[in-house]
Every structure is written in structure tokens, then in C-alpha cells.
Amino acid sequence: MTHLNKKQRLEMNHNHNNNNRFDDLHDDLIIIILRKLASSASSPSDFLTVLSTCKRLNRLALHPLVLSKAGPHTLAVTAEKWSDSPHKFLKLCVNAGNIDAYYSLGMIRFYCLQNPVSGASLMAKAAIKSHAPALYSLSVIQFNGSGGSKTDKNLRAGVALCARSAYLGHVDALRELGHCLQDGYGVPRDVSEGRRLLIQANARELACSLRSYLSLKSGDKIFTDLSVVPVQEIHPVNRFLKEWFSSGRVDLAEGLRMCSHGGCGRPETRAHEFRRCSVCGKVNYCSRGCQALDWRAKHKIECTPLDLWIAVPAEIGDDGQAVAVEIDDNHGER
């Protein structure tokens, strides 16, 4: 018989009491806590570590009520760690009705796993539930005829999806819609309205950047260096696409290119799907919004902005028509 001293007996009683307290918690209360964790986790590991804690937490963490609330960062699997396990986890979230999982798995299947039918179907399910990024991604697919032939382009459908996404507050969709109206692309041309939407998109993006900038602190001192102003956050699934194709894990077919905007990650699904610069032929974009963002991010590109689509909103002349603003290499008006 093993004899325990007083300190060891107290520790055993303390642990036993703690276990009893946890066992006394009702499943419904634990599910509420896990739903909150799933929706607010900053990375998959913050949530998935719960699965290895004990059998009860493992069972409750995989409950459909919990998985239905998993947020984008909880679902943010990396291309490097992609395997059957994360694929299964995403499918469990999809079966639970998680809108973000519909979108994330839909994008991965459409562009990475070469299953455009299943991918588009999942994104459509998210779009039906007013998921703004899914609506925008479907509009890009319609504009380019992705996953099909050139004749599968549907500009009117692309504009309609883009407009719905913009209405829900998606900044890239708002910018894309502004360019469509300004150029008369898939919609009757309305330069003034397109100009207004472009300014609104830039204003929203600036407001988000300033809010993030003001929240950055070093101790009690706010940064005054404007170089630390954050850029628009890249969606986890776009980061996945970029890593998937840049890692060398999968090689694009001959003649296919990636969107030149670093925060997009979309590849061509057929040769010459994306528009390319007619001068240098080195840059191509899946959308006007990506082109505008890429030009602004690089500040200096391999050809002038006038050789591309309208990267900077044109000025409005006295006759109501767009007047191009020439930009020199130093990015000043001339």
C-alpha cells in the first residue's frame, strides 16, 4: 500500500474536485463556449487544440452547432499542411451549414483541386446566404468564363453578382462595379456613377486602414510613421491559393498564368483567360479591381497605367465624359 503525505492528498483532492466541476457542466453550456471560441479564434490551432483535451470536448467541439459558427480564421488551413484531415474538417463544417466553409472549400475545389462544378456549387450555396466574398468570386468567374470556354462569359450575370456583393459592403466588389460602370463593361456606361463608386471604395478602404493604424501602439505611444499603416487584409483562402501554386506543389499547365495581384492567388483555368497588358504582356489580372490594387501597391510597374485598364479613376470633363489623367514615372499628373 502506498502512503501519501498530506500535500499529495490535498493535491489529489483538488484535482478530483476540479474534474467533478467540469463533469457537472451541462453540454449546452460547453457548446455555447465552444461556439464563441470557434467564431473568434485567430488561427485553426486555437480551436483544434480543444479536440485533444479530452473525449468529451472532442465530441462537443465537433458538434454541428459548434462547427456552423467556425470563422474564417478557424478555417484558415495552409497549403503546406493540406491533407485529408483538414479536407475532412472543412467538409464537416460544410455539412453543419457553415457559410464560410462553403466559400473556402468552394474556392479550393474550384481552383486547386480542379473540381469547378463542386467548387462553384459550394460558393453558390454561400452566395444564396448573402456571403459577400462568395458573390464577388462568382462574379469574377462569370466575367472570365472560368472553368469553361471563352463563350461561357456572362458579363450581365457578373455585374449583377458584383452589385449584390458591393451592396453587402465588399470593397473589392464596389471597386469592380465602379470600373464596370465607368467603362460600360457588362452594363450601360455611366461615368459619373462609376466615378462615385470608385471614390466610395477608396474612402472605405482608407477608413479601415486608419482605424487599424490608430489601434497600433508601442506601449502608450501611437506610431507616427505612415509606413506602418496596414494594407487591406488578405482573405485566408486567397492566401491558400497563392501558397498552393507558388510552393511548387502543383504546376500550372503550359500557357496558364496567375493573377498579377499578390493578394489574389487566382490562376487561369484556360489559356489567355485573364486580360494582359497589350504593351509588355507581362502582367495580367482576373479583374479590374485586382489591377487597380496591384498598381497602387507597387507604385511602379513595368508599363504605364494608360497601357492597362483604368488603374486610377479618370477625371470628369465638362461634357460628362472621362478624361484620362496621365501619370509619369514619378506618379505625378502632367
# chains A, B, ... in the order shown; residues from 1 in each chain; ligands from 1

$ residues_around --residues "Asn284 of chain A" --least-positions-apart "5" --cutoff "7 Å" --atoms "only C-alpha atoms" --output "list in words"
Cys259, Ser260, Phe274, Arg275, Arg276 and Cys277 of chain A

$ select_by_dssp --residues "segment 41-264 of chain A" --states "strand (DSSP E)" --output "PDB file with all heavy atoms, in the first residue's frame"
ATOM      1  N   LYS A 217      -0.095  50.468 -31.310  1.00  0.00           N
ATOM      2  CA  LYS A 217       0.566  51.193 -30.224  1.00  0.00           C
ATOM      3  C   LYS A 217       1.874  50.507 -29.852  1.00  0.00           C
ATOM      4  O   LYS A 217       2.018  49.306 -29.968  1.00  0.00           O
ATOM      5  CB  LYS A 217      -0.329  51.270 -28.984  1.00  0.00           C
ATOM      6  CG  LYS A 217      -1.582  52.133 -29.167  1.00  0.00           C
ATOM      7  CD  LYS A 217      -2.356  52.232 -27.864  1.00  0.00           C
ATOM      8  CE  LYS A 217      -3.575  53.126 -28.026  1.00  0.00           C
ATOM      9  NZ  LYS A 217      -4.330  53.252 -26.767  1.00  0.00           N
ATOM     10  N   SER A 218       2.792  51.313 -29.418  1.00  0.00           N
ATOM     11  CA  SER A 218       4.026  50.794 -28.845  1.00  0.00           C
ATOM     12  C   SER A 218       4.069  51.295 -27.414  1.00  0.00           C
ATOM     13  O   SER A 218       4.475  52.416 -27.134  1.00  0.00           O
ATOM     14  CB  SER A 218       5.236  51.284 -29.633  1.00  0.00           C
ATOM     15  OG  SER A 218       6.433  50.828 -29.036  1.00  0.00           O
ATOM     16  N   LYS A 221       2.541  54.809 -26.695  1.00  0.00           N
ATOM     17  CA  LYS A 221       2.843  55.744 -27.777  1.00  0.00           C
ATOM     18  C   LYS A 221       2.294  55.228 -29.089  1.00  0.00           C
ATOM     19  O   LYS A 221       2.560  54.106 -29.493  1.00  0.00           O
ATOM     20  CB  LYS A 221       4.360  55.941 -27.885  1.00  0.00           C
ATOM     21  CG  LYS A 221       4.766  56.964 -28.945  1.00  0.00           C
ATOM     22  CD  LYS A 221       6.278  57.115 -28.968  1.00  0.00           C
ATOM     23  CE  LYS A 221       6.718  58.104 -30.030  1.00  0.00           C
ATOM     24  NZ  LYS A 221       8.192  58.238 -30.084  1.00  0.00           N
ATOM     25  N   ILE A 222       1.504  56.043 -29.779  1.00  0.00           N
ATOM     26  CA  ILE A 222       0.961  55.670 -31.081  1.00  0.00           C
ATOM     27  C   ILE A 222       2.016  55.911 -32.152  1.00  0.00           C
ATOM     28  O   ILE A 222       2.717  56.918 -32.139  1.00  0.00           O
ATOM     29  CB  ILE A 222      -0.307  56.486 -31.408  1.00  0.00           C
ATOM     30  CG1 ILE A 222      -1.387  56.183 -30.373  1.00  0.00           C
ATOM     31  CG2 ILE A 222      -0.818  56.183 -32.804  1.00  0.00           C
ATOM     32  CD1 ILE A 222      -2.655  56.981 -30.587  1.00  0.00           C
TER      33      ILE A 222
END

$ residues_around --residues "segment 75-88 of chain A" --least-positions-apart "5" --cutoff "12 Å" --atoms "only C-alpha atoms" --output "VMD selection string"
chain A and resid 38 to 48 62 67 to 70 93 to 95 98 to 106 108 to 109 112 to 113 234 to 250

$ atom_distance --atom1 "atom CA of Ala173 of chain A" --atom2 "atom CA of Tyr136 of chain A"
5.8 Å

$ residues_around --residues "Ile32 of chain A" --least-positions-apart "5" --cutoff "9 Å" --atoms "only C-alpha atoms" --output "PyMOL selection string"
chain A and resi 27+37+65-66
